[in-house]
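Presented below is the structure to which this report refers.
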Amino acid sequence: MTTANPEDVAAPAITTARPPLGSGIAAGWRSAREALDKPLASYYLLLGSSALLLTIGVIMVLSASSVRSYVIYDDSYAVVKRQLMWVALGLPAAWVASRLPVRHIRRLAYPGFIVALVLLGLVAQFGVLINGNKNWLALGPVNIQPAEIAKLAIVIWAANIYAHKERRLRELHHLLVPVVPGLLAVIGLVLVGRDLGTAMVLGIIMLGMLWVVGAPMRLFALSISILAVAATALAAMDPERLNRITNFTDPFKDYTDAGWQPAHGLYALSSGGWFGQGIGASTQKWGDLPEAHTDFIFAVLGEELGLVGTLLVVGLFFTIAYAAIRVALTTKDPFVRYATFGVVVWLLGQMMINVGMVLAVLPVIGIPLPIVSYGGSALLPSLVALGMVIGFARREPEAAAALAARRRNRSAGLSAATRH
C-alpha cells in the first residue's frame, strides 16, 4: 500500500471573479452623479473652483511678472504684492456679497449703474492713456479701470429690471427698454476711450441677457450684424488695430511687428508640451512676450504647466459655469436667474476671447483672463460677482436646509463635548 504524496494531489482550482469590463467606470460615474445630486453640490463646485482658480492666478502672476518686476522695480515680487493687496480686498468683498440678501443687492442696481456711468464719463474727460487706450482713471496713486466695474453694474442693473418686468417680457418694448439703450450708452462711453475689447465683452453680456429673457432670434441676427459692422468700422479707423486684425490668422507673416505678441504666445504654448517646463521656468517672459502677466498670462501658464495646466484652468471656468447654470435653472427668483446667467456670460465669454487671442484664433484686443491675470480693477468686480453667485447657491432651499442641519449637528456636538 502506497501513500500518496501530498504534492501529487491536485489542488482545487481557485477562481477569482473579475468585474465585467467597464464596471469601474460605471461605478465612478454613478458616484459622481450621486455627488452632484447632493444639495450643496453647486455651492461647493463654485467655491472650490473659484478658490483654485484664484490660487493658480496668484502663482502665475508671481511667475509671469517676476522678470519685469525686477527690471523695473528692482524687486521680483513688486507686481504680485499689488495683486495680493487686491486679493486681500476682494475676498472680504466677495464674502460680503455672498452674505448680502437678494433684496439688498437689488437695491444697489440703479446706484451701481449710475456710478458706473459717472466713472466712465470721467474717463472720457480725464482718463489716463495707457497702451493707446484711454480707459483708466487716476484716483490718487491708484489707476482704476471703470469699465471693469461697469460689467458687474450692468449685470445687476439689467437683471433687476428684467425681474421687475418678468410678466411683460413677451412684449418687445419691455424687452428692449431701458436695458438696451442703457447698455449701449455704457458701450459708447467705453468706445470713447478706444477700448474695443471691453466693448465687445459688454456687447456679449447684452446679447446674453437678451437671450436668457427670451428675445426673438431675428433680434439676435440684427444685433450681431450691427455689432459686427460697428466693430469692423472702428477697427478700420485705427491703423494699428486694423493691422492686428488682418494679420492674426498668421502672426508669423508680420513677425517683427503686429505678429510679435501672438507669435511668442504660440512659442510659449508649443514649448510647454504635456506637463510644462515647471513653475518659474518660462523663457518667453524674459522680455520676448509683451503683457506676460496680464493679457498673455495664459501663454506663460501653458509654457510652465503644459497642456494639462491650460486644460485645468479652462475646466475650472466651465465648472463654474456649470454650477452657476444649475443655480439659475433651479431658482424660483427671476433676479437670481438673470444675474447668475449674466455673470456666466461675462466670465466665460471673456475667458474664451482671451484664450482665443493667445491661440491666435482671434485678434489681439487686450482682454485679460478673468481671476488669473494681474489687475485689481478686473479682479475685484470678478470676485464680488462670484461671491454673489456663491451666495445664491447657498441660499437654495435644499442647500440652506443642509447647511442649517450641519450647524445644528455641530452645535449639538459641541454641547455634548462641553457636558462631558
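Here's how to read the names in the C-alpha cells: chain A, B, ... by the order shown, residue numbers from 1 in each chain, ligand numbers from 1 in the order shown.
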
8 Å contact set for stretch 123-127 of chain A, only C-alpha atoms, chain neighbours under 5 positions out, as number ranges by chain:
A: 134-138, 146, 189, 192-193

Once you have the residues from the selection above, write them out as an mmCIF file, in the first residue's frame, restricted to C-alpha atoms.
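The result, stored in result-v3.cif:
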```cif
data_model
loop_
_atom_site.group_PDB
_atom_site.id
_atom_site.type_symbol
_atom_site.label_atom_id
_atom_site.label_comp_id
_atom_site.auth_asym_id
_atom_site.auth_seq_id
_atom_site.Cartn_x
_atom_site.Cartn_y
_atom_site.Cartn_z
ATOM 1 C CA LYS A 134 -7.772 105.990 -22.568
ATOM 2 C CA ASN A 135 -9.700 103.670 -20.275
ATOM 3 C CA TRP A 136 -8.011 104.352 -16.940
ATOM 4 C CA LEU A 137 -8.925 106.875 -14.259
ATOM 5 C CA ALA A 138 -6.321 108.145 -11.805
ATOM 6 C CA PRO A 146 -14.187 101.794 -14.551
ATOM 7 C CA LEU A 189 -18.563 105.602 -23.290
ATOM 8 C CA VAL A 192 -14.689 106.854 -26.422
ATOM 9 C CA GLY A 193 -11.603 105.524 -24.672
#
```

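Each of A:Gly197, A:Gly376, A:Val213, A:Arg326 was checked against A:Gln350 using only C-alpha atoms; the smallest atom-to-atom distance is that of A:Gly197.
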
Separation of atom CA of A:Ile114 from atom CA of A:Ala185, in Å and rounded to one decimal:
11.4 Å

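Taking only C-alpha atoms, the non-local environment of A:Ala292 within 8 Å (same-chain residues fewer than 5 positions away omitted) comprises Ala64, Ser65, Lys285, Ile297, Ala299 and Val300 of chain A.
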
Put those residues in a file: C-alpha atoms, as a PDB file, in the first residue's frame.
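Heads up, here's the output in selection-v8.pdb:
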```pdb
ATOM      1  CA  ALA A  64       4.992  85.801 -15.184  1.00  0.00           C
ATOM      2  CA  SER A  65       5.801  89.192 -13.642  1.00  0.00           C
ATOM      3  CA  LYS A 285       8.602  86.089 -20.042  1.00  0.00           C
ATOM      4  CA  ILE A 297      -0.665  85.109 -18.892  1.00  0.00           C
ATOM      5  CA  ALA A 299       0.675  81.618 -22.698  1.00  0.00           C
ATOM      6  CA  VAL A 300       3.071  81.628 -19.722  1.00  0.00           C
TER       7      VAL A 300
END
```

Residues within 10 Å of A:His293, please, as a PyMOL selection string. Count only C-alpha atoms; anything in the same chain fewer than 6 positions from it doesn't count.
chain A and resi 57+60-66+68+79-80+285+299-301+368-369+372-375

With C-alpha atoms kept, could you save the residues just selected as a short mmCIF file (atom, residue, chain, number, x, y, z; two decimals), in the first residue's frame?
```
data_model
loop_
_atom_site.label_atom_id
_atom_site.label_comp_id
_atom_site.auth_asym_id
_atom_site.auth_seq_id
_atom_site.Cartn_x
_atom_site.Cartn_y
_atom_site.Cartn_z
CA GLY A 57 -3.79 83.12 -10.77
CA MET A 60 1.12 82.63 -12.30
CA VAL A 61 1.18 86.40 -11.72
CA LEU A 62 4.21 85.87 -9.47
CA SER A 63 5.95 83.77 -12.11
CA ALA A 64 4.99 85.80 -15.18
CA SER A 65 5.80 89.19 -13.64
CA SER A 66 8.99 88.34 -11.76
CA ARG A 68 9.63 92.58 -15.36
CA VAL A 79 3.72 93.13 -9.02
CA VAL A 80 2.49 90.10 -7.10
CA LYS A 285 8.60 86.09 -20.04
CA ALA A 299 0.67 81.62 -22.70
CA VAL A 300 3.07 81.63 -19.72
CA LEU A 301 0.75 79.21 -17.94
CA PRO A 368 -7.29 89.82 -19.61
CA LEU A 369 -8.04 86.32 -18.35
CA VAL A 372 -6.00 84.79 -13.31
CA SER A 373 -4.48 87.89 -14.96
CA TYR A 374 -2.91 90.70 -12.98
CA GLY A 375 -5.10 93.74 -12.33
#
```

Using DSSP on the backbone, list every residue of stretch 133-305 of chain A that comes out as helix (DSSP H, G or I), and give them as a ChimeraX atom specification.
/A:146-164,166-168,172-176,179-192,196-212,217-236,239-247,251-254,260-272,297-305

What lies within 10 Å of A:Val361 using only C-alpha atoms, ignoring chain neighbours under 5 positions off, as a ChimeraX atom specification?
/A:248-250,262,353,355-356

Got time to write the residues from that selection, N, CA and C atoms, as a short mmCIF file (atom, residue, chain, number, x, y, z; two decimals), in the first residue's frame?
```cif
data_model
loop_
_atom_site.label_atom_id
_atom_site.label_comp_id
_atom_site.auth_asym_id
_atom_site.auth_seq_id
_atom_site.Cartn_x
_atom_site.Cartn_y
_atom_site.Cartn_z
N PHE A 248 -3.96 88.39 -37.71
CA PHE A 248 -3.99 87.49 -36.56
C PHE A 248 -3.99 86.02 -36.97
N THR A 249 -4.50 85.70 -38.15
CA THR A 249 -4.55 84.29 -38.56
C THR A 249 -3.17 83.72 -38.85
N ASP A 250 -2.22 84.59 -39.19
CA ASP A 250 -0.86 84.14 -39.45
C ASP A 250 0.10 85.16 -38.83
N PRO A 262 1.38 87.64 -30.58
CA PRO A 262 0.75 86.31 -30.74
C PRO A 262 1.74 85.23 -31.14
N ILE A 353 -12.51 84.63 -25.18
CA ILE A 353 -11.86 85.63 -26.02
C ILE A 353 -10.36 85.67 -25.72
N VAL A 355 -8.39 83.31 -24.36
CA VAL A 355 -7.73 82.09 -24.83
C VAL A 355 -7.65 82.09 -26.35
N GLY A 356 -8.69 82.57 -27.01
CA GLY A 356 -8.66 82.67 -28.46
C GLY A 356 -7.57 83.60 -28.96
#
```

Would you kindly return, as a list in words, each protein, DNA or RNA residue with an atom no farther than 9 Å from any atom of A:Phe275, considering only C-alpha atoms and excluding same-chain residues fewer than 2 positions away?
Gly272, Gly273, Gln277, Gly278, Gly302, Glu303, Glu304, Leu305, Gly306, Leu307, Val308 and Gly309 of chain A

Deliver the residues from the most recent selection as a file, using C-alpha atoms, as an mmCIF file, in the first residue's frame.
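Listed below is the output, part-v8.cif:
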```cif
data_model
loop_
_atom_site.group_PDB
_atom_site.id
_atom_site.type_symbol
_atom_site.label_atom_id
_atom_site.label_comp_id
_atom_site.auth_asym_id
_atom_site.auth_seq_id
_atom_site.Cartn_x
_atom_site.Cartn_y
_atom_site.Cartn_z
ATOM 1 C CA GLY A 272 5.194 73.666 -22.756
ATOM 2 C CA GLY A 273 4.364 70.194 -24.007
ATOM 3 C CA GLN A 277 8.684 73.333 -18.119
ATOM 4 C CA GLY A 278 7.850 73.886 -14.456
ATOM 5 C CA GLY A 302 0.894 76.875 -20.925
ATOM 6 C CA GLU A 303 4.676 77.078 -21.085
ATOM 7 C CA GLU A 304 5.158 76.361 -17.386
ATOM 8 C CA LEU A 305 2.255 73.978 -16.660
ATOM 9 C CA GLY A 306 1.781 72.495 -20.127
ATOM 10 C CA LEU A 307 -1.391 71.305 -21.798
ATOM 11 C CA VAL A 308 -2.552 69.768 -18.523
ATOM 12 C CA GLY A 309 -2.361 73.129 -16.771
#
```

Between A:Ile130, A:Asp254, A:Leu172, A:Met200, which one has atoms that come closest to A:Leu219, using only C-alpha atoms?
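The shortest atom-to-atom distance to A:Leu219 comes from A:Leu172.
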
Nearest-residue call for A:His104, choices A:Asn243, A:Asn143, A:Thr319, A:Asn160, using only C-alpha atoms
A:Asn160

Among the residues A:Ala399, A:Val115, A:Val201, A:Leu54, the one that comes closest to A:Leu91 [using only C-alpha atoms]
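Selected residue with least distance to A:Leu91: A:Leu54.
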
Counting only C-alpha atoms, what is within 12 Å of A:Ile154, bar same-chain residues fewer than 5 positions away, as a PyMOL selection string?
chain A and resi 106+108-117+147-149+159-162+178-187+201-206+209+338-339+342-343+346+381+385
